[in-house]
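Visitor: Let me begin by handing over the structure; questions about it come next.
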Amino acid sequence: MAEAVAAAAGWPADEEARPLKVVFGSPAKYFTDAAPIGNGRLGAMVWGGVESERLQLNHDTLWTGGPGNYTNPKAPAVLSKVRSFVDNGKYPEATAAAYDLSGDQTQVFQPLGDIDLVFGKNIKYTNYKRELDLHTATVTVTYTVGEIVYSREHFSSNPHQVIATKISANKPGNVSFTVSLTTTLNHKIRVTHANEIIMEGSCPGERPQEGNTAADPPIGIKFCAILYVQINGANSTVEVLNDNMLKLDCADSVVLLLAATTSFESAFIKPSESKLDPTVSALTTLSIARSTSYSQLKAYHIDDYQTLFHRVSLQLSQGSNVVQSAETSSQCATVSDYAFQISDHTTSTALKDFVKPTVERIVTFKDNEDPSLVELLFQFGRYLLISCSRPGTQISNLQGIWSNDPSPPWDAAPHPNINLQMNYWPALPCNLSECQEPLFDFIGSLSVNGAKTAKVNYDASGWVCHQVTDLWAKTSPDAGDPVWALWPMGGPWLATHLWEHYCFTLDKEFLEKTAYPILQGSATFLLDWLTEGHRGYLETNPSTSPEHYFIAPDGKKACVSYSTTMDMSIIREVFSAVILSADILGKYDTNVVQRIKKALPQLPPMKVARDGTIMEWAQDFEDPEIHHRHVSHLFGLYPGHTMSLEETPDLCKAVANSLYKRGSQLQCRKCWCRALGPICTFSQLYPATSGPKAMLKV
């Protein structure tokens with residue numbers, strides 16, 4: 001059926017023949033203009049300059065610091081004080097006292113460095129194009145100088161764990177440039193055999209801070225990046241400059257291979273105790289890649305990538321005639337009944353649009369609502385997840401895997417108060433289940449550290465994680481304002497991802513060995529965290545709605561109260577997952593399950609506020625920021641399951657009112673986009689009230 005629809009719409013029947021390219025009409029001026037490539041572990045941003053090229057490099061384990069102590073023995077006394085203020089309705093006082101429940105800041109994601117290529121000065125060029133081909137996970141740069149057409153091709157290979165670049169010209173002997181490696185980190189560089197640049201260094205062993213000038217600072221993660229140069233051409237030459245760069249002249253083509261590794265072993269091993277030698281590891285990786293031809297490297301890369309990417313295709317229509325489901329369609333319906341009607345878009349016009357710079361297509365989208373651009377956005381999101389999260393790598397951080405700043409916004413740290421979860425929302429519905437494996441591995445590490453935090457900070461069993469974490473699986477509260485720091489629901493929310501994985505896969509072994517222990521530990525914490533409140537319900541106290549203040553009855557701003565709607569929605573989700581899992585696994589008579597069944601009826605119900613919206617806090621407090629970007633109180637509708645049009649229509653109407661009240665300044669306008677990095681411009685394509693109708697082929 002999908003093939004028939006594609007033919008009727010005038011599209012190529014073969015999904016691979018449908019252009020899916022992010023096109024740039026000029027070199028990048030800013031980091032977010034560069035084109036991302038990645039294999040889950042090793043990433044780069046391709047800037048595409050003509051006189052000079054920059055490949056900005058990242059490695060997923062290059063972070064400051066080491067394992068921390070995520071406990072606070074003073075927290076129980078502070079917690080008792082905060083709870084007393086909340087019980088007495090003194091929310092501003094509770095907010096002030098809650099600062100003492102905060103912990104330390106996270107560690108910081110560090111850039112690996114740059115591959116710098118210098119081709120010359122004052123180069124006059126025409127026909128410039130830079131493209132990211134989502135079908136092949138390859139970035140190409142082409143331009144013309146006189147009669148010479150130059151091309152560069154870049155990809156990050158998962159099978160061989162290298163970044164590969166090929167630089168060529170359409171006439172022999174015309175490729176000349178200098179190449180070097182640079183980094184802002186402590187390092188040393190040497191050239192070996194006139195064809196390898198080796199950069200070795202280390203990250204700071206503690207979070208960089210003003211006045212942090214310890215005489216004997218702790219040892220940080222070590223790293224090594226090795227750039228191998230293969231030059232082709234009868235008259236080509238290579239020269240070593242300043243013992244740290246190479247000058248190549250008169251080549252027909254040049255292949256660059258970059259391998260990089262670190263000494264990171266696990267979240268529980270100090271960098272000073274690591275037994276890994278990153279230089280030996282990088283040389284081993286590079287040796288294998290060097291023994292493979294460039295064409296073979298590319299073929300292996302594309303085959304590996306397309307195994308994931310080509311699982312899903314998306315075809316969109318502007319019109320109202322969309323593909324009907326088998327249940328609603330007539331047996332005698334013709335292909336034309338299912339064909340997409342693309343108003344004012346002939347096939348030729350659409351194909352011309354594919355080669356326009358993507359930024360131009362975004363600018364004109366408000367007028368033409370080009371459905372192929374939305375297809376591109378959808379597939380770009382899948383591309384980014386494949387490129388920054390693969391089995392055996394670290395989780396996608398706040399910027400995926402791409403960062404050029406030693407002090408990036410929010411440290412590029414994963415934020416489990418929505419950002420980390422959002423990064424992985426596409427994994428299951430977009431058929432990228434394997435890309436979730438790093439998340440599950442990381443949650444396992446959080447459960448270990450989180451058990452210590454729960455016990456010491458809150459005298460609770462199970463495990464807990466708060467609003468932000470890092471490579472070392474930090475589970476204690478962040479430093480600073482409780483409006484973000486005091487939020488122990490990060491762990492419970494993450495735990496629901498394991499249940500969702502089971503629901504998609506029905507993998508009972510995964511449920512029993514991986515998901516259920518994590519879910520049970522999270523539920524155990526929640527049972528201990530709940531307290532008996534004055535209203536006769538089990539309450540969470542203290543409680544915040546992530547990053548959102550309210551106006552207390554005395555007219556003062558506060559953020560700490562009790563039983564926010566998001567708290568209760570997440571708790572219901574975890575409790576439900578444990579009960580359902582226990583029933584599947586035959587564990588329905590355990591103590592935890594019996595405690596959950598007793599607690600569920602005692603949780604406070606969701607309420608509708610005076611203005612017809614979902615009440616965000618337990619009381620109908622005044623909201624000082626009605627256009628706040630978070631919609632945490634709508635968790636029960638998505639990603640949760642406690643609200644639905646069928647079961648709770650009145651609540652869903654209140655959800656619609658809540659979205660209308662929030663306006664256009666929703667989560668995707670800020671937080672989601674900083675995780676996706678280069679995708680940020682795309683977030684403005686569709687307002688919340690409209691969108692295309694689609695056929696998704698999985």
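Convention: chains lettered A, B, ... in structure tokens order; per-chain residue numbering from 1; ligands numbered from 1 as shown.
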Would you mind listing what lies within 12 Å of stretch 645-655 of chain A as a list in words, with only C-alpha atoms counted and same-chain residues fewer than 6 positions away left out?

Guide: Pro605, Met606, Lys607, Val608, Ala609, Arg610, Asp611, Gly612, Thr613, Ile614, Met615, Glu616, Val631, Ser632, His633, Leu634, Phe635, Gly636, Leu637, Tyr638, Lys661 and Arg662 of chain A

Visitor: Got a sec: who's within 8 Å of A:Ile226, counting only C-alpha atoms, leaving out chain neighbours fewer than 2 positions off, as number ranges by chain?

Guide: A: 196-199, 224, 228, 258-260, 282-283, 286

Visitor: Take the residues that were just selected and, keeping all heavy atoms, output them as a PDB file, in the first residue's frame.

Guide:
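Result went into result.pdb, see below:
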ATOM      1  N   GLU A 196      51.205  11.010  10.607  1.00  0.00           N
ATOM      2  CA  GLU A 196      50.349  10.884  11.786  1.00  0.00           C
ATOM      3  C   GLU A 196      50.577  12.058  12.728  1.00  0.00           C
ATOM      4  O   GLU A 196      51.725  12.384  13.052  1.00  0.00           O
ATOM      5  CB  GLU A 196      50.641   9.591  12.560  1.00  0.00           C
ATOM      6  CG  GLU A 196      49.970   8.367  12.007  1.00  0.00           C
ATOM      7  CD  GLU A 196      50.239   7.151  12.894  1.00  0.00           C
ATOM      8  OE1 GLU A 196      51.058   7.255  13.832  1.00  0.00           O
ATOM      9  OE2 GLU A 196      49.619   6.109  12.634  1.00  0.00           O
ATOM     10  N   ILE A 197      49.490  12.649  13.160  1.00  0.00           N
ATOM     11  CA  ILE A 197      49.557  13.668  14.205  1.00  0.00           C
ATOM     12  C   ILE A 197      48.912  13.070  15.445  1.00  0.00           C
ATOM     13  O   ILE A 197      47.749  12.651  15.409  1.00  0.00           O
ATOM     14  CB  ILE A 197      48.820  14.949  13.792  1.00  0.00           C
ATOM     15  CG1 ILE A 197      49.366  15.503  12.479  1.00  0.00           C
ATOM     16  CG2 ILE A 197      48.915  15.995  14.893  1.00  0.00           C
ATOM     17  CD1 ILE A 197      48.611  16.708  11.953  1.00  0.00           C
ATOM     18  N   ILE A 198      49.674  13.017  16.530  1.00  0.00           N
ATOM     19  CA  ILE A 198      49.187  12.416  17.776  1.00  0.00           C
ATOM     20  C   ILE A 198      49.015  13.513  18.820  1.00  0.00           C
ATOM     21  O   ILE A 198      49.965  14.245  19.142  1.00  0.00           O
ATOM     22  CB  ILE A 198      50.154  11.337  18.297  1.00  0.00           C
ATOM     23  CG1 ILE A 198      50.309  10.229  17.252  1.00  0.00           C
ATOM     24  CG2 ILE A 198      49.652  10.756  19.626  1.00  0.00           C
ATOM     25  CD1 ILE A 198      51.283   9.136  17.656  1.00  0.00           C
ATOM     26  N   MET A 199      47.803  13.641  19.342  1.00  0.00           N
ATOM     27  CA  MET A 199      47.493  14.627  20.376  1.00  0.00           C
ATOM     28  C   MET A 199      47.074  13.893  21.644  1.00  0.00           C
ATOM     29  O   MET A 199      46.085  13.151  21.645  1.00  0.00           O
ATOM     30  CB  MET A 199      46.369  15.552  19.911  1.00  0.00           C
ATOM     31  CG  MET A 199      45.970  16.627  20.923  1.00  0.00           C
ATOM     32  SD  MET A 199      44.832  17.865  20.226  1.00  0.00           S
ATOM     33  CE  MET A 199      43.341  16.880  20.021  1.00  0.00           C
ATOM     34  N   CYS A 224      43.465  10.577  23.914  1.00  0.00           N
ATOM     35  CA  CYS A 224      44.393  10.597  22.800  1.00  0.00           C
ATOM     36  C   CYS A 224      43.600  10.653  21.504  1.00  0.00           C
ATOM     37  O   CYS A 224      42.635   9.897  21.326  1.00  0.00           O
ATOM     38  CB  CYS A 224      45.298   9.361  22.798  1.00  0.00           C
ATOM     39  SG  CYS A 224      46.417   9.299  21.369  1.00  0.00           S
ATOM     40  N   TYR A 228      45.512  10.301  11.015  1.00  0.00           N
ATOM     41  CA  TYR A 228      46.337   9.634   9.991  1.00  0.00           C
ATOM     42  C   TYR A 228      46.048  10.260   8.636  1.00  0.00           C
ATOM     43  O   TYR A 228      44.887  10.500   8.280  1.00  0.00           O
ATOM     44  CB  TYR A 228      46.023   8.142   9.957  1.00  0.00           C
ATOM     45  CG  TYR A 228      46.586   7.411   8.759  1.00  0.00           C
ATOM     46  CD1 TYR A 228      47.958   7.188   8.631  1.00  0.00           C
ATOM     47  CD2 TYR A 228      45.738   6.957   7.749  1.00  0.00           C
ATOM     48  CE1 TYR A 228      48.469   6.517   7.530  1.00  0.00           C
ATOM     49  CE2 TYR A 228      46.247   6.283   6.643  1.00  0.00           C
ATOM     50  CZ  TYR A 228      47.607   6.071   6.540  1.00  0.00           C
ATOM     51  OH  TYR A 228      48.116   5.407   5.447  1.00  0.00           O
ATOM     52  N   LEU A 258      40.591   9.901  11.698  1.00  0.00           N
ATOM     53  CA  LEU A 258      40.766  10.380  13.078  1.00  0.00           C
ATOM     54  C   LEU A 258      40.207   9.349  14.043  1.00  0.00           C
ATOM     55  O   LEU A 258      39.014   9.016  13.996  1.00  0.00           O
ATOM     56  CB  LEU A 258      40.068  11.725  13.251  1.00  0.00           C
ATOM     57  CG  LEU A 258      40.206  12.557  14.553  1.00  0.00           C
ATOM     58  CD1 LEU A 258      39.379  12.000  15.703  1.00  0.00           C
ATOM     59  CD2 LEU A 258      41.652  12.708  14.966  1.00  0.00           C
ATOM     60  N   ALA A 259      41.067   8.824  14.906  1.00  0.00           N
ATOM     61  CA  ALA A 259      40.639   7.928  15.983  1.00  0.00           C
ATOM     62  C   ALA A 259      40.895   8.620  17.315  1.00  0.00           C
ATOM     63  O   ALA A 259      41.904   9.319  17.475  1.00  0.00           O
ATOM     64  CB  ALA A 259      41.393   6.604  15.922  1.00  0.00           C
ATOM     65  N   ALA A 260      39.998   8.425  18.269  1.00  0.00           N
ATOM     66  CA  ALA A 260      40.155   9.057  19.581  1.00  0.00           C
ATOM     67  C   ALA A 260      39.572   8.162  20.661  1.00  0.00           C
ATOM     68  O   ALA A 260      38.498   7.578  20.477  1.00  0.00           O
ATOM     69  CB  ALA A 260      39.473  10.428  19.609  1.00  0.00           C
ATOM     70  N   ALA A 282      43.804   4.065  20.796  1.00  0.00           N
ATOM     71  CA  ALA A 282      43.621   4.826  19.563  1.00  0.00           C
ATOM     72  C   ALA A 282      44.471   4.263  18.434  1.00  0.00           C
ATOM     73  O   ALA A 282      44.021   4.176  17.283  1.00  0.00           O
ATOM     74  CB  ALA A 282      43.948   6.296  19.803  1.00  0.00           C
ATOM     75  N   LEU A 283      45.709   3.878  18.735  1.00  0.00           N
ATOM     76  CA  LEU A 283      46.577   3.293  17.708  1.00  0.00           C
ATOM     77  C   LEU A 283      46.004   1.981  17.191  1.00  0.00           C
ATOM     78  O   LEU A 283      46.066   1.688  15.983  1.00  0.00           O
ATOM     79  CB  LEU A 283      47.981   3.076  18.264  1.00  0.00           C
ATOM     80  CG  LEU A 283      48.844   4.340  18.428  1.00  0.00           C
ATOM     81  CD1 LEU A 283      50.093   4.034  19.238  1.00  0.00           C
ATOM     82  CD2 LEU A 283      49.219   4.909  17.054  1.00  0.00           C
ATOM     83  N   LEU A 286      43.041   2.796  14.952  1.00  0.00           N
ATOM     84  CA  LEU A 286      43.493   3.375  13.693  1.00  0.00           C
ATOM     85  C   LEU A 286      44.153   2.333  12.799  1.00  0.00           C
ATOM     86  O   LEU A 286      43.999   2.362  11.567  1.00  0.00           O
ATOM     87  CB  LEU A 286      44.466   4.522  13.980  1.00  0.00           C
ATOM     88  CG  LEU A 286      44.792   5.448  12.816  1.00  0.00           C
ATOM     89  CD1 LEU A 286      43.524   6.085  12.270  1.00  0.00           C
ATOM     90  CD2 LEU A 286      45.774   6.519  13.265  1.00  0.00           C
TER      91      LEU A 286
END

Visitor: Using 8 Å as the limit and counting only C-alpha atoms, can you tabulate each residue of stretch 348-411 of chain A that touches stretch 123-134 of chain A, with its shortest atom-to-atom distance in Å and the two atoms involved, as CSV?

Guide:
residue,atom,partner,partner_atom,distance
A:Gln379,CA,A:Leu134,CA,7.3
A:Phe380,CA,A:Leu134,CA,6.9
A:Tyr383,CA,A:Leu134,CA,6.6

Visitor: Export all heavy atoms of the chosen residues as a PDB file, in the first residue's frame?

Guide:
ATOM      1  N   GLN A 379      13.096  13.001  10.018  1.00  0.00           N
ATOM      2  CA  GLN A 379      14.231  12.107   9.802  1.00  0.00           C
ATOM      3  C   GLN A 379      15.526  12.678  10.374  1.00  0.00           C
ATOM      4  O   GLN A 379      16.416  11.922  10.787  1.00  0.00           O
ATOM      5  CB  GLN A 379      14.392  11.809   8.315  1.00  0.00           C
ATOM      6  CG  GLN A 379      13.236  11.027   7.704  1.00  0.00           C
ATOM      7  CD  GLN A 379      13.192   9.575   8.174  1.00  0.00           C
ATOM      8  OE1 GLN A 379      13.805   9.187   9.163  1.00  0.00           O
ATOM      9  NE2 GLN A 379      12.446   8.759   7.447  1.00  0.00           N
ATOM     10  N   PHE A 380      15.626  14.010  10.431  1.00  0.00           N
ATOM     11  CA  PHE A 380      16.800  14.621  11.051  1.00  0.00           C
ATOM     12  C   PHE A 380      16.859  14.278  12.534  1.00  0.00           C
ATOM     13  O   PHE A 380      17.931  14.004  13.087  1.00  0.00           O
ATOM     14  CB  PHE A 380      16.761  16.136  10.850  1.00  0.00           C
ATOM     15  CG  PHE A 380      18.010  16.861  11.292  1.00  0.00           C
ATOM     16  CD1 PHE A 380      19.262  16.312  11.091  1.00  0.00           C
ATOM     17  CD2 PHE A 380      17.918  18.100  11.893  1.00  0.00           C
ATOM     18  CE1 PHE A 380      20.413  16.987  11.488  1.00  0.00           C
ATOM     19  CE2 PHE A 380      19.053  18.788  12.295  1.00  0.00           C
ATOM     20  CZ  PHE A 380      20.313  18.229  12.083  1.00  0.00           C
ATOM     21  N   TYR A 383      18.098  10.838  12.755  1.00  0.00           N
ATOM     22  CA  TYR A 383      19.531  10.863  12.437  1.00  0.00           C
ATOM     23  C   TYR A 383      20.359  11.281  13.650  1.00  0.00           C
ATOM     24  O   TYR A 383      21.388  10.670  13.959  1.00  0.00           O
ATOM     25  CB  TYR A 383      19.783  11.825  11.269  1.00  0.00           C
ATOM     26  CG  TYR A 383      21.235  12.177  11.072  1.00  0.00           C
ATOM     27  CD1 TYR A 383      22.090  11.317  10.380  1.00  0.00           C
ATOM     28  CD2 TYR A 383      21.765  13.358  11.589  1.00  0.00           C
ATOM     29  CE1 TYR A 383      23.429  11.635  10.210  1.00  0.00           C
ATOM     30  CE2 TYR A 383      23.101  13.683  11.424  1.00  0.00           C
ATOM     31  CZ  TYR A 383      23.930  12.825  10.733  1.00  0.00           C
ATOM     32  OH  TYR A 383      25.259  13.137  10.573  1.00  0.00           O
TER      33      TYR A 383
END

Visitor: When you count only C-alpha atoms, which of these residues is closest to A:Pro208: A:Ile596, A:Val108, A:Ala98, A:Val23?

Guide: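 Selected residue with least distance to A:Pro208: A:Val108.
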
Visitor: For A:Phe155, which of A:Ala473, A:Thr178, A:Thr61, A:His301 is the closest residue, counting only C-alpha atoms?

Guide: A:His301

Visitor: Work out how far atom CA of A:Glu200 is from atom CA of A:Glu265, in Å to one decimal.

Guide: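 Rounded to one decimal, the two atoms are 17.5 Å apart.
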